[in-house]
file structure17.txt (compact mmCIF, C-alpha atoms and all ligand atoms)
# COMPACT_ATOMS: atom_id res chain seq x y z
CA MET A 1 78.47 35.63 -224.86
CA THR A 2 76.87 32.35 -223.89
CA ALA A 3 73.29 32.38 -222.86
CA PRO A 4 72.62 31.02 -219.40
CA ALA A 5 71.04 27.60 -219.22
CA ARG A 6 67.61 28.02 -217.73
CA GLU A 7 64.08 27.20 -218.66
CA ALA A 8 62.87 29.28 -221.62
CA THR A 9 59.53 29.93 -220.00
CA GLY A 10 60.00 33.58 -220.70
CA ALA A 11 58.92 35.72 -217.84
CA ARG A 12 61.09 36.93 -215.01
CA SER A 13 58.13 36.73 -212.73
CA THR A 14 55.96 33.66 -212.89
CA SER A 15 52.81 35.48 -211.85
CA ALA A 16 49.84 35.63 -214.23
CA ALA A 17 50.24 38.02 -217.16
CA ALA A 18 49.38 41.63 -216.37
CA PRO A 19 46.37 43.25 -218.12
CA ALA A 20 47.16 44.85 -221.50
CA GLY A 21 47.02 48.48 -220.27
CA GLU A 22 49.38 47.71 -217.44
CA PHE A 23 51.64 45.84 -219.85
CA SER A 24 51.80 48.88 -222.17
CA ALA A 25 52.58 51.11 -219.20
CA ARG A 26 55.44 48.84 -218.13
CA CYS A 27 56.88 48.81 -221.63
CA ALA A 28 56.67 52.61 -221.71
CA ASP A 29 58.36 52.84 -218.29
CA VAL A 30 61.31 50.74 -219.41
CA LEU A 31 61.65 52.54 -222.73
CA GLY A 32 61.18 55.97 -221.17
CA SER A 33 64.40 55.51 -219.27
CA MET A 34 66.34 55.12 -222.54
CA GLY A 35 67.37 57.74 -225.03
CA ARG A 36 65.77 57.98 -228.48
CA HIS A 37 69.05 56.62 -229.91
CA ALA A 38 69.20 53.45 -227.81
CA THR A 39 70.38 50.56 -229.97
CA GLY A 40 68.28 47.51 -230.61
CA ARG A 41 70.52 45.53 -228.28
CA GLN A 42 70.07 48.06 -225.47
CA VAL A 43 66.31 48.10 -225.95
CA TRP A 44 66.20 44.30 -225.99
CA ALA A 45 68.26 44.10 -222.79
CA GLY A 46 66.04 46.62 -220.99
CA LEU A 47 62.80 44.93 -222.01
CA GLY A 48 64.17 41.49 -221.22
CA SER A 49 65.44 42.35 -217.77
CA ALA A 50 62.07 43.93 -216.93
CA GLY A 51 60.36 40.66 -217.88
CA VAL A 52 58.19 42.15 -220.63
CA LEU A 53 59.69 40.12 -223.48
CA GLY A 54 58.46 36.90 -221.89
CA GLU A 55 55.06 38.42 -221.20
CA THR A 56 54.58 39.11 -224.91
CA TYR A 57 53.93 35.38 -225.38
CA ARG A 58 50.90 33.29 -224.55
CA ALA A 59 51.35 31.56 -221.20
CA GLN A 60 54.49 33.72 -220.94
CA SER A 61 56.34 31.15 -223.01
CA PRO A 62 57.98 31.94 -226.39
CA ALA A 63 57.36 28.33 -227.43
CA ALA A 64 53.61 28.91 -227.07
CA GLY A 65 53.60 31.80 -229.58
CA VAL A 66 52.84 35.51 -229.34
CA ASP A 67 49.85 37.12 -227.69
CA ARG A 68 48.60 39.39 -230.49
CA ALA A 69 47.43 42.25 -228.28
CA ARG A 70 50.64 42.31 -226.29
CA LEU A 71 52.79 42.07 -229.39
CA GLY A 72 50.95 45.12 -230.75
CA ALA A 73 51.34 46.98 -227.45
CA LEU A 74 55.06 46.16 -227.23
CA LEU A 75 55.80 47.29 -230.79
CA ALA A 76 53.74 50.47 -230.39
CA ALA A 77 55.68 51.34 -227.24
CA VAL A 78 59.05 50.63 -228.87
CA ASP A 79 58.07 52.60 -231.99
CA ALA A 80 57.05 55.55 -229.84
CA HIS A 81 60.37 55.70 -227.98
CA VAL A 82 63.22 54.68 -230.29
CA GLY A 83 64.14 54.81 -233.97
CA ILE A 84 63.01 52.54 -236.79
CA GLY A 85 66.25 50.52 -236.73
CA SER A 86 66.02 49.62 -233.05
CA THR A 87 62.33 48.78 -233.39
CA LEU A 88 63.20 46.50 -236.31
CA ALA A 89 65.79 44.73 -234.13
CA VAL A 90 63.12 43.96 -231.52
CA CYS A 91 60.46 43.06 -234.09
CA VAL A 92 62.49 40.35 -235.84
CA GLN A 93 63.62 38.74 -232.60
CA ILE A 94 60.35 38.77 -230.73
CA ALA A 95 58.38 37.41 -233.71
CA SER A 96 60.82 35.04 -235.39
CA SER A 97 64.18 34.21 -233.76
CA LEU A 98 63.03 33.67 -230.20
CA PRO A 99 59.94 31.51 -230.87
CA LEU A 100 61.88 29.42 -233.39
CA LEU A 101 64.65 28.74 -230.88
CA ALA A 102 62.26 28.09 -228.03
CA ALA A 103 60.35 25.58 -230.16
CA ALA A 104 63.43 23.30 -230.22
CA SER A 105 62.09 20.11 -228.70
CA ALA A 106 65.25 18.85 -226.98
CA PRO A 107 67.30 20.65 -224.30
CA GLY A 108 70.52 22.04 -225.79
CA PRO A 109 72.11 25.19 -227.24
CA ALA A 110 68.91 26.44 -228.92
CA ARG A 111 66.78 26.27 -225.81
CA ASP A 112 69.61 27.76 -223.70
CA MET A 113 69.99 30.63 -226.15
CA ALA A 114 66.21 31.19 -226.11
CA ALA A 115 66.34 31.46 -222.32
CA GLY A 116 69.12 34.04 -222.53
CA ALA A 117 67.31 35.97 -225.24
CA VAL A 118 64.01 36.20 -223.41
CA ALA A 119 65.88 37.57 -220.39
CA GLY A 120 67.44 40.21 -222.66
CA GLU A 121 70.91 38.78 -222.10
CA ALA A 122 71.41 37.43 -225.61
CA VAL A 123 70.56 38.68 -229.09
CA VAL A 124 69.88 36.25 -231.92
CA ALA A 125 69.76 37.19 -235.60
CA PHE A 126 67.48 35.47 -238.10
CA GLY A 127 69.51 34.65 -241.21
CA ALA A 128 67.39 33.54 -244.13
CA THR A 129 68.27 35.99 -246.92
CA ASP A 130 71.25 34.74 -248.85
CA GLU A 131 73.89 36.27 -251.04
CA ALA A 132 72.37 34.38 -253.97
CA THR A 133 68.74 35.23 -253.31
CA GLY A 134 66.19 36.78 -251.00
CA SER A 135 62.78 36.16 -252.49
CA ASP A 136 63.53 32.76 -253.99
CA LEU A 137 64.49 30.99 -250.76
CA ALA A 138 64.63 27.52 -252.30
CA ALA A 139 67.54 28.75 -254.43
CA LEU A 140 69.69 29.76 -251.45
CA SER A 141 73.32 28.79 -251.67
CA THR A 142 74.47 28.51 -248.04
CA THR A 143 75.47 24.88 -247.59
CA LEU A 144 75.49 22.61 -244.57
CA ARG A 145 77.40 19.35 -244.20
CA LEU A 146 75.77 17.15 -241.58
CA ASP A 147 77.97 14.50 -240.00
CA ALA A 148 77.19 12.38 -236.97
CA GLU A 149 79.17 14.52 -234.52
CA GLU A 150 79.99 17.69 -236.41
CA ILE A 151 78.49 20.05 -238.98
CA GLU A 152 80.05 22.55 -241.39
CA VAL A 153 78.33 25.67 -242.76
CA THR A 154 79.52 27.83 -245.67
CA GLY A 155 77.80 30.79 -247.28
CA THR A 156 76.90 34.46 -246.91
CA LYS A 157 73.78 35.90 -245.34
CA ARG A 158 73.03 39.46 -246.44
CA TRP A 159 70.94 42.26 -244.94
CA ILE A 160 70.44 40.51 -241.63
CA THR A 161 68.94 42.53 -238.78
CA ASN A 162 70.99 42.31 -235.54
CA ALA A 163 73.99 40.85 -237.42
CA THR A 164 76.48 43.27 -235.87
CA GLN A 165 74.99 43.11 -232.37
CA CYS A 166 74.07 39.46 -231.96
CA ASP A 167 75.60 36.60 -230.01
CA ALA A 168 74.48 34.05 -232.55
CA ALA A 169 72.59 33.79 -235.80
CA LEU A 170 69.96 31.30 -236.82
CA VAL A 171 71.17 30.35 -240.27
CA LEU A 172 68.98 28.76 -242.93
CA ALA A 173 71.17 26.40 -244.94
CA ARG A 174 70.74 23.58 -247.40
CA HIS A 175 72.02 20.13 -246.44
CA ARG A 176 71.37 18.75 -249.92
CA PRO A 177 71.12 20.25 -253.40
CA GLY A 178 67.83 20.95 -255.14
CA ARG A 179 64.73 22.99 -254.45
CA HIS A 180 62.74 20.40 -252.54
CA PHE A 181 61.39 21.89 -249.33
CA THR A 182 62.95 19.14 -247.21
CA SER A 183 66.49 20.13 -248.30
CA PHE A 184 66.89 22.85 -245.65
CA THR A 185 67.96 22.95 -242.01
CA TRP A 186 68.38 25.63 -239.33
CA VAL A 187 71.72 25.98 -237.56
CA LEU A 188 72.52 28.19 -234.58
CA VAL A 189 75.89 29.78 -235.36
CA PRO A 190 77.67 31.68 -232.54
CA VAL A 191 79.33 34.76 -234.06
CA THR A 192 82.49 33.94 -232.12
CA ALA A 193 82.94 30.63 -234.00
CA ALA A 194 86.02 30.34 -236.21
CA GLY A 195 85.18 31.26 -239.81
CA VAL A 196 82.41 33.77 -239.00
CA THR A 197 82.88 37.38 -240.12
CA VAL A 198 80.30 40.14 -239.84
CA GLU A 199 80.23 43.38 -241.78
CA ALA A 200 77.80 46.25 -241.18
CA ALA A 201 75.45 47.04 -244.08
CA ASP A 202 76.42 50.22 -245.89
CA THR A 203 73.43 52.34 -244.89
CA GLU A 204 72.51 54.84 -242.18
CA LEU A 205 68.79 54.26 -242.61
CA PHE A 206 68.55 51.54 -239.99
CA ASP A 207 70.87 52.76 -237.23
CA GLY A 208 70.33 50.72 -234.08
CA SER A 209 69.24 47.61 -235.98
CA GLY A 210 72.72 46.14 -236.34
CA THR A 211 71.84 45.21 -239.92
CA GLY A 212 74.76 43.57 -241.69
CA HIS A 213 76.13 40.69 -243.69
CA ILE A 214 77.35 37.45 -242.14
CA ARG A 215 80.00 35.45 -243.93
CA LEU A 216 80.43 31.80 -242.95
CA ASP A 217 83.61 30.24 -244.18
CA ARG A 218 83.63 26.50 -243.42
CA VAL A 219 82.31 27.08 -239.91
CA ARG A 220 82.55 23.84 -237.95
CA LEU A 221 80.23 23.27 -235.03
CA PRO A 222 78.98 20.40 -232.89
CA ARG A 223 75.92 18.67 -234.31
CA SER A 224 73.96 19.92 -231.29
CA GLN A 225 73.88 23.38 -232.98
CA VAL A 226 71.30 22.08 -235.46
CA VAL A 227 67.92 23.59 -234.55
CA GLY A 228 64.86 21.43 -235.08
CA ARG A 229 64.82 18.39 -237.33
CA PRO A 230 67.00 18.43 -240.46
CA GLY A 231 64.75 18.98 -243.46
CA MET A 232 62.09 20.86 -241.53
CA ALA A 233 63.55 24.36 -241.83
CA LEU A 234 61.39 25.71 -244.65
CA ALA A 235 58.25 24.57 -242.85
CA SER A 236 59.36 26.28 -239.64
CA PHE A 237 60.49 29.35 -241.63
CA ALA A 238 56.96 29.69 -243.03
CA GLU A 239 55.49 29.39 -239.55
CA HIS A 240 57.72 31.96 -237.92
CA ILE A 241 57.95 34.48 -240.75
CA ALA A 242 54.13 34.55 -240.73
CA VAL A 243 54.28 35.93 -237.19
CA GLU A 244 56.88 38.49 -238.26
CA ARG A 245 54.45 39.60 -240.98
CA LEU A 246 51.72 40.03 -238.36
CA ALA A 247 54.22 41.97 -236.23
CA GLY A 248 54.95 44.21 -239.23
CA ALA A 249 51.25 44.96 -239.65
CA LEU A 250 50.83 45.78 -235.94
CA TRP A 251 53.91 47.98 -236.06
CA GLY A 252 52.57 49.62 -239.23
CA VAL A 253 49.36 50.65 -237.45
CA ALA A 254 51.37 52.15 -234.58
CA LEU A 255 53.75 53.96 -236.92
CA CYS A 256 50.94 55.44 -239.04
CA ARG A 257 49.04 56.55 -235.94
CA ARG A 258 52.13 58.27 -234.57
CA VAL A 259 52.89 60.02 -237.86
CA LEU A 260 49.28 61.06 -238.41
CA ALA A 261 49.03 62.54 -234.91
CA ASP A 262 52.25 64.48 -235.48
CA THR A 263 51.07 65.68 -238.89
CA LYS A 264 47.73 66.85 -237.50
CA ARG A 265 49.54 68.84 -234.79
CA ARG A 266 51.72 70.49 -237.42
CA LEU A 267 48.76 71.32 -239.66
CA ALA A 268 46.86 72.86 -236.76
CA ALA A 269 49.90 74.96 -235.81
CA ARG A 270 50.56 76.21 -239.35
CA PRO A 271 48.66 79.49 -239.97
CA TYR A 272 46.65 79.83 -243.16
CA GLY A 273 44.24 82.70 -243.86
CA ASP A 274 42.15 83.25 -240.74
CA GLY A 275 42.88 79.82 -239.37
CA SER A 276 45.37 77.06 -240.01
CA LEU A 277 46.13 74.50 -242.69
CA TRP A 278 44.00 72.07 -240.70
CA HIS A 279 40.96 74.28 -241.37
CA LEU A 280 41.21 73.75 -245.13
CA GLU A 281 38.55 71.25 -246.19
CA GLY A 282 40.81 69.72 -248.86
CA VAL A 283 43.58 69.09 -246.32
CA ARG A 284 41.20 67.48 -243.85
CA GLN A 285 39.75 65.24 -246.57
CA ARG A 286 43.20 64.01 -247.58
CA PHE A 287 44.05 63.41 -243.96
CA ALA A 288 40.75 61.57 -243.41
CA ASP A 289 41.49 59.36 -246.40
CA THR A 290 44.62 58.10 -244.68
CA LEU A 291 42.77 57.63 -241.38
CA VAL A 292 40.37 55.33 -243.22
CA LEU A 293 43.28 53.28 -244.52
CA VAL A 294 44.83 52.86 -241.08
CA ARG A 295 41.49 51.87 -239.58
CA GLN A 296 41.17 49.25 -242.32
CA LEU A 297 44.62 47.89 -241.55
CA ARG A 298 43.86 47.78 -237.85
CA ALA A 299 40.56 46.00 -238.51
CA LEU A 300 42.45 43.44 -240.58
CA THR A 301 44.92 42.81 -237.73
CA ALA A 302 41.97 42.27 -235.39
CA GLU A 303 40.24 39.91 -237.83
CA LEU A 304 43.27 37.88 -238.90
CA GLY A 305 45.82 38.39 -236.13
CA ASP A 306 44.97 35.33 -234.07
CA ARG A 307 44.88 33.13 -237.17
CA VAL A 308 48.53 34.02 -237.59
CA ALA A 309 49.55 34.14 -233.93
CA VAL A 310 47.84 30.87 -233.01
CA HIS A 311 47.60 28.89 -236.27
CA HIS A 312 50.47 30.40 -238.32
CA ASP A 313 48.07 30.96 -241.24
CA THR A 314 50.33 32.00 -244.09
CA THR A 315 47.57 33.45 -246.30
CA ALA A 316 46.33 35.62 -243.43
CA ALA A 317 49.92 36.75 -242.83
CA ALA A 318 50.34 37.64 -246.53
CA LEU A 319 47.06 39.60 -246.52
CA LEU A 320 48.27 41.52 -243.48
CA LYS A 321 51.73 42.23 -244.84
CA SER A 322 50.60 43.35 -248.28
CA SER A 323 48.00 45.60 -246.71
CA ALA A 324 50.53 47.02 -244.23
CA ALA A 325 53.09 47.73 -246.95
CA ALA A 326 50.55 49.63 -249.08
CA THR A 327 49.05 51.48 -246.12
CA VAL A 328 52.36 52.62 -244.64
CA GLU A 329 53.59 53.82 -248.03
CA ARG A 330 50.42 55.75 -248.81
CA VAL A 331 49.99 57.27 -245.33
CA LEU A 332 53.58 58.41 -245.08
CA ALA A 333 53.52 59.85 -248.61
CA GLU A 334 50.39 61.91 -247.81
CA CYS A 335 51.75 63.06 -244.45
CA ALA A 336 55.06 64.02 -246.06
CA GLN A 337 53.24 66.10 -248.66
CA LEU A 338 51.16 67.78 -245.95
CA GLN A 339 54.27 68.68 -243.94
CA GLY A 340 55.74 70.64 -246.85
CA ALA A 341 59.38 71.73 -246.77
CA GLU A 342 59.74 70.89 -243.06
CA GLY A 343 59.51 67.24 -244.01
CA PHE A 344 62.97 67.48 -245.57
CA ALA A 345 64.66 68.57 -242.32
CA ALA A 346 67.21 66.13 -240.86
CA GLY A 347 65.34 63.25 -239.27
CA GLY A 348 62.06 64.50 -240.80
CA ILE A 349 59.29 62.56 -242.45
CA GLN A 350 61.01 62.31 -245.82
CA HIS A 351 63.79 60.35 -244.09
CA LEU A 352 61.20 58.23 -242.32
CA ARG A 353 59.57 57.46 -245.68
CA ALA A 354 62.83 55.97 -246.95
CA GLN A 355 63.16 53.89 -243.79
CA ALA A 356 59.56 52.75 -243.91
CA ALA A 357 59.94 51.51 -247.48
CA LEU A 358 61.23 48.47 -245.59
CA PHE A 359 57.60 47.48 -244.95
CA GLY A 360 57.34 46.52 -248.63
CA ILE A 361 60.61 44.54 -248.72
CA GLY A 362 61.89 43.14 -245.41
CA GLY A 363 60.43 39.78 -244.36
CA GLY A 364 59.17 39.16 -247.91
CA THR A 365 58.45 41.68 -250.65
CA ARG A 366 54.95 42.95 -251.28
CA GLU A 367 54.94 41.15 -254.63
CA LEU A 368 55.68 37.85 -252.93
CA MET A 369 52.82 38.48 -250.49
CA LEU A 370 50.45 39.17 -253.38
CA SER A 371 51.51 35.88 -254.98
CA VAL A 372 50.54 34.04 -251.79
CA VAL A 373 47.19 35.82 -251.72
CA GLY A 374 46.67 35.11 -255.43
CA ASP A 375 47.41 31.41 -254.91
CA ALA A 376 44.72 31.34 -252.22
CA ALA A 377 42.21 33.41 -254.24
CA ASP A 378 39.40 30.84 -253.98
CA THR A 379 39.73 30.64 -250.20
CA VAL A 380 39.86 34.41 -249.84
CA LEU A 381 36.79 34.76 -252.07
CA ALA A 382 34.92 32.09 -250.13
CA GLU A 383 35.64 33.86 -246.85
CA LEU A 384 34.23 37.09 -248.27
CA ALA A 385 30.89 35.31 -248.63
CA ASP A 386 30.83 34.19 -244.96
C1 LIG B 1 66.88 46.66 -243.21
C2 LIG B 1 66.70 45.24 -243.64
C3 LIG B 1 66.69 44.23 -242.70
C4 LIG B 1 66.57 42.91 -243.09
N1 LIG B 1 66.59 41.92 -242.12
C5 LIG B 1 66.58 40.62 -242.49
C6 LIG B 1 66.72 39.59 -241.51
O1 LIG B 1 66.81 39.83 -240.32
N2 LIG B 1 66.76 38.30 -241.94
C7 LIG B 1 66.68 37.98 -243.26
O2 LIG B 1 66.73 36.80 -243.57
N3 LIG B 1 66.53 38.92 -244.21
C8 LIG B 1 66.48 40.24 -243.86
N4 LIG B 1 66.36 41.23 -244.81
C9 LIG B 1 66.28 40.85 -246.20
C10 LIG B 1 64.85 40.87 -246.72
O3 LIG B 1 64.06 39.87 -246.14
C11 LIG B 1 64.96 40.73 -248.24
O4 LIG B 1 65.45 41.97 -248.71
C12 LIG B 1 63.64 40.40 -248.90
O5 LIG B 1 63.25 39.08 -248.62
C13 LIG B 1 63.74 40.55 -250.43
O6 LIG B 1 64.83 39.87 -250.95
P1 LIG B 1 65.92 40.64 -251.84
O7 LIG B 1 66.30 41.90 -251.18
O8 LIG B 1 66.97 39.64 -252.14
O9 LIG B 1 65.14 41.05 -253.14
P2 LIG B 1 65.07 40.21 -254.50
O10 LIG B 1 64.61 38.83 -254.24
O11 LIG B 1 66.36 40.39 -255.23
O12 LIG B 1 63.93 41.04 -255.23
C14 LIG B 1 64.12 42.37 -255.68
C15 LIG B 1 62.79 42.91 -256.19
O13 LIG B 1 62.35 42.09 -257.29
C16 LIG B 1 60.94 41.99 -257.27
N5 LIG B 1 60.56 40.60 -257.08
C17 LIG B 1 61.23 39.60 -256.42
N6 LIG B 1 60.54 38.46 -256.45
C18 LIG B 1 59.41 38.71 -257.13
C19 LIG B 1 58.26 37.92 -257.49
N7 LIG B 1 58.18 36.63 -257.14
N8 LIG B 1 57.27 38.52 -258.18
C20 LIG B 1 57.35 39.83 -258.56
N9 LIG B 1 58.40 40.62 -258.22
C21 LIG B 1 59.41 40.08 -257.53
C22 LIG B 1 60.44 42.83 -256.11
O14 LIG B 1 60.12 44.12 -256.55
C23 LIG B 1 61.65 42.86 -255.20
O15 LIG B 1 61.64 43.96 -254.30
C24 LIG B 1 66.42 42.58 -244.45
C25 LIG B 1 66.39 43.60 -245.40
C26 LIG B 1 66.53 44.91 -245.02
C27 LIG B 1 66.50 45.99 -246.07

call {"tool": "encode", "arguments": {"input": "structure17.txt", "output": "structure tokens"}}
result
Amino acid sequence: MTAPAREATGARSTSAAAPAGEFSARCADVLGSMGRHATGRQVWAGLGSAGVLGETYRAQSPAAGVDRARLGALLAAVDAHVGIGSTLAVCVQIASSLPLLAAASAPGPARDMAAGAVAGEAVVAFGATDEATGSDLAALSTTLRLDAEEIEVTGTKRWITNATQCDAALVLARHRPGRHFTSFTWVLVPVTAAGVTVEAADTELFDGSGTGHIRLDRVRLPRSQVVGRPGMALASFAEHIAVERLAGALWGVALCRRVLADTKRRLAARPYGDGSLWHLEGVRQRFADTLVLVRQLRALTAELGDRVAVHHDTTAAALLKSSAAATVERVLAECAQLQGAEGFAAGGIQHLRAQAALFGIGGGTRELMLSVVGDAADTVLAELAD
């Protein structure tokens, strides 16, 4: 599918952005008309055609970056209505693929694809993780030959969200050997190009996400498929993955809130002695402990969110992501324990725990985030004294 050529301003309507409450209500309206099992592509199409994808960005333009409050509202609405896999499919695109494409300075395939994506008509995967490596990006082995008129890409991208349901993938490739950060370039690879094969990842945990592996076997494309300036890809990766890390933290708050509310309902409905499990002091204290954690995470998103959304602050993004990973893991573990045997039912919280382990891996492992925070220890300490 080729994205229509039109301005990537984002919104279907050009009127001023609606207030946040109204925005949430519109998201819920669109999502309410879909089944719980809607795929990421279906969700994306519905949100795009209703104009809400564009409205998630400042000035309703993906090139201007996300509006933190709206990004949080969008992800909370998606999380409430569809499964983890489909929410993941939206999260990666809204935070990373679409802004990266829209930031392309010259008119051409990237900007056209961004326009199609924001309208919900096109889906674009974000292919950084390589067969050779995930965490050590500078060691990636996907190669790019850059000629004056034509380029050639070869390599394999693994565990890529939207791979099986996208029109094109943004592929991070190296145009010269070595680890120097200027050795990397983004390429927009249509999945219909000769030499592209896509295989679904062998897991049921992320149904709806289209997660899969993309093999590129000497894929030849016009030079116009290069996105941004050659050599600038790692810098733009850092910028855009920071926003995905913020998105993960906002999603984490919404997910924990939803699971905690469900757990509290179950505890109140489960008889114990003269009352219910909820009436046991020990149970309420454990529950309260997790509420404290989620409030802390939410406070962190409020404090640091705009530093990521507006300034692409990578330390702030790492603080958010490491906190989100730990919070989601701890909250879901406590809630799973409190739900007892019922948690093991099909689609129950024990399944959700396995899915949500993604918060500590996808988009950069928790260890990698802690390394970023550790490298910035003096700055973080100085800010604590402010
Ligand atoms: C469902 C799903 C969707 C995904 N979607 C995308 C996508 O859309 N685009 C994309 O590009 N990638 C995607 N990924 C890949 C994801 O970003 C990588 O899994 C992640 O970056 C980690 O890389 P890896 O899996 O190769 O782990 P590895 O790099 O092999 O690391 C394995 C483990 O080693 C440890 N480790 C690694 N490095 C360090 C370190 N420096 N210090 C201490 N410990 C370390 C950690 O415990 C880590 O979990 C997705 C993954 C999943 C599971």

call {"tool": "closest_residue", "arguments": {"input": "structure17.txt", "among": "A:Gly35, A:Gly343, A:Gly178, A:Gly305", "to": "Leu71 (chain A)", "atoms": "only C-alpha atoms"}}
result
A:Gly305

call {"tool": "residues_around", "arguments": {"input": "structure17.txt", "residues": "region 326-334 of chain A", "least_positions_apart": "6", "cutoff": "12 Å", "atoms": "all atoms listed in the file", "output": "NGL selection string"}}
result
:A and (248-264 or 283-298 or 300 or 319-320 or 340 or 343 or 348-361 or 365-367 or 369-370)

call {"tool": "write_last_selection", "arguments": {"input": "structure17.txt", "atoms": "C-alpha atoms", "output": "PDB file, in the frame of the given file"}}
result
ATOM      1  CA  GLY A 248      54.950  44.210-239.230  1.00  0.00           C
ATOM      2  CA  ALA A 249      51.250  44.960-239.650  1.00  0.00           C
ATOM      3  CA  LEU A 250      50.830  45.780-235.940  1.00  0.00           C
ATOM      4  CA  TRP A 251      53.910  47.980-236.060  1.00  0.00           C
ATOM      5  CA  GLY A 252      52.570  49.620-239.230  1.00  0.00           C
ATOM      6  CA  VAL A 253      49.360  50.650-237.450  1.00  0.00           C
ATOM      7  CA  ALA A 254      51.370  52.150-234.580  1.00  0.00           C
ATOM      8  CA  LEU A 255      53.750  53.960-236.920  1.00  0.00           C
ATOM      9  CA  CYS A 256      50.940  55.440-239.040  1.00  0.00           C
ATOM     10  CA  ARG A 257      49.040  56.550-235.940  1.00  0.00           C
ATOM     11  CA  ARG A 258      52.130  58.270-234.570  1.00  0.00           C
ATOM     12  CA  VAL A 259      52.890  60.020-237.860  1.00  0.00           C
ATOM     13  CA  LEU A 260      49.280  61.060-238.410  1.00  0.00           C
ATOM     14  CA  ALA A 261      49.030  62.540-234.910  1.00  0.00           C
ATOM     15  CA  ASP A 262      52.250  64.480-235.480  1.00  0.00           C
ATOM     16  CA  THR A 263      51.070  65.680-238.890  1.00  0.00           C
ATOM     17  CA  LYS A 264      47.730  66.850-237.500  1.00  0.00           C
ATOM     18  CA  VAL A 283      43.580  69.090-246.320  1.00  0.00           C
ATOM     19  CA  ARG A 284      41.200  67.480-243.850  1.00  0.00           C
ATOM     20  CA  GLN A 285      39.750  65.240-246.570  1.00  0.00           C
ATOM     21  CA  ARG A 286      43.200  64.010-247.580  1.00  0.00           C
ATOM     22  CA  PHE A 287      44.050  63.410-243.960  1.00  0.00           C
ATOM     23  CA  ALA A 288      40.750  61.570-243.410  1.00  0.00           C
ATOM     24  CA  ASP A 289      41.490  59.360-246.400  1.00  0.00           C
ATOM     25  CA  THR A 290      44.620  58.100-244.680  1.00  0.00           C
ATOM     26  CA  LEU A 291      42.770  57.630-241.380  1.00  0.00           C
ATOM     27  CA  VAL A 292      40.370  55.330-243.220  1.00  0.00           C
ATOM     28  CA  LEU A 293      43.280  53.280-244.520  1.00  0.00           C
ATOM     29  CA  VAL A 294      44.830  52.860-241.080  1.00  0.00           C
ATOM     30  CA  ARG A 295      41.490  51.870-239.580  1.00  0.00           C
ATOM     31  CA  GLN A 296      41.170  49.250-242.320  1.00  0.00           C
ATOM     32  CA  LEU A 297      44.620  47.890-241.550  1.00  0.00           C
ATOM     33  CA  ARG A 298      43.860  47.780-237.850  1.00  0.00           C
ATOM     34  CA  LEU A 300      42.450  43.440-240.580  1.00  0.00           C
ATOM     35  CA  LEU A 319      47.060  39.600-246.520  1.00  0.00           C
ATOM     36  CA  LEU A 320      48.270  41.520-243.480  1.00  0.00           C
ATOM     37  CA  GLY A 340      55.740  70.640-246.850  1.00  0.00           C
ATOM     38  CA  GLY A 343      59.510  67.240-244.010  1.00  0.00           C
ATOM     39  CA  GLY A 348      62.060  64.500-240.800  1.00  0.00           C
ATOM     40  CA  ILE A 349      59.290  62.560-242.450  1.00  0.00           C
ATOM     41  CA  GLN A 350      61.010  62.310-245.820  1.00  0.00           C
ATOM     42  CA  HIS A 351      63.790  60.350-244.090  1.00  0.00           C
ATOM     43  CA  LEU A 352      61.200  58.230-242.320  1.00  0.00           C
ATOM     44  CA  ARG A 353      59.570  57.460-245.680  1.00  0.00           C
ATOM     45  CA  ALA A 354      62.830  55.970-246.950  1.00  0.00           C
ATOM     46  CA  GLN A 355      63.160  53.890-243.790  1.00  0.00           C
ATOM     47  CA  ALA A 356      59.560  52.750-243.910  1.00  0.00           C
ATOM     48  CA  ALA A 357      59.940  51.510-247.480  1.00  0.00           C
ATOM     49  CA  LEU A 358      61.230  48.470-245.590  1.00  0.00           C
ATOM     50  CA  PHE A 359      57.600  47.480-244.950  1.00  0.00           C
ATOM     51  CA  GLY A 360      57.340  46.520-248.630  1.00  0.00           C
ATOM     52  CA  ILE A 361      60.610  44.540-248.720  1.00  0.00           C
ATOM     53  CA  THR A 365      58.450  41.680-250.650  1.00  0.00           C
ATOM     54  CA  ARG A 366      54.950  42.950-251.280  1.00  0.00           C
ATOM     55  CA  GLU A 367      54.940  41.150-254.630  1.00  0.00           C
ATOM     56  CA  MET A 369      52.820  38.480-250.490  1.00  0.00           C
ATOM     57  CA  LEU A 370      50.450  39.170-253.380  1.00  0.00           C
TER      58      LEU A 370
END

call {"tool": "residues_around", "arguments": {"input": "structure17.txt", "residues": "region 189-199 of chain A", "least_positions_apart": "4", "cutoff": "7 Å", "atoms": "all atoms listed in the file", "output": "list in words"}}
result
Ala163, Thr164, Asp167, Ala168, Ala169, Leu170, Val171, Gly212, His213, Ile214, Arg215, Leu216, Asp217, Arg218 and Val219 of chain A

call {"tool": "residues_near_ligand", "arguments": {"input": "structure17.txt", "ligand": "ligand LIG 1 (chain B)", "cutoff": "8 Å", "atoms": "all atoms listed in the file", "output": "NGL selection string"}}
result
:A and (85 or 88-89 or 92 or 125-136 or 157-163 or 205-206 or 209 or 211 or 358 or 360-368 or 371)

call {"tool": "atom_distance", "arguments": {"input": "structure17.txt", "atom1": "CA of Ala269 (chain A)", "atom2": "CA of Cys335 (chain A)"}}
result
14.8 Å

call {"tool": "atom_distance", "arguments": {"input": "structure17.txt", "atom1": "CA of Phe237 (chain A)", "atom2": "CA of Arg174 (chain A)"}}
result
13.1 Å

call {"tool": "atom_distance", "arguments": {"input": "structure17.txt", "atom1": "CA of Arg179 (chain A)", "atom2": "CA of Ala309 (chain A)"}}
result
27.9 Å
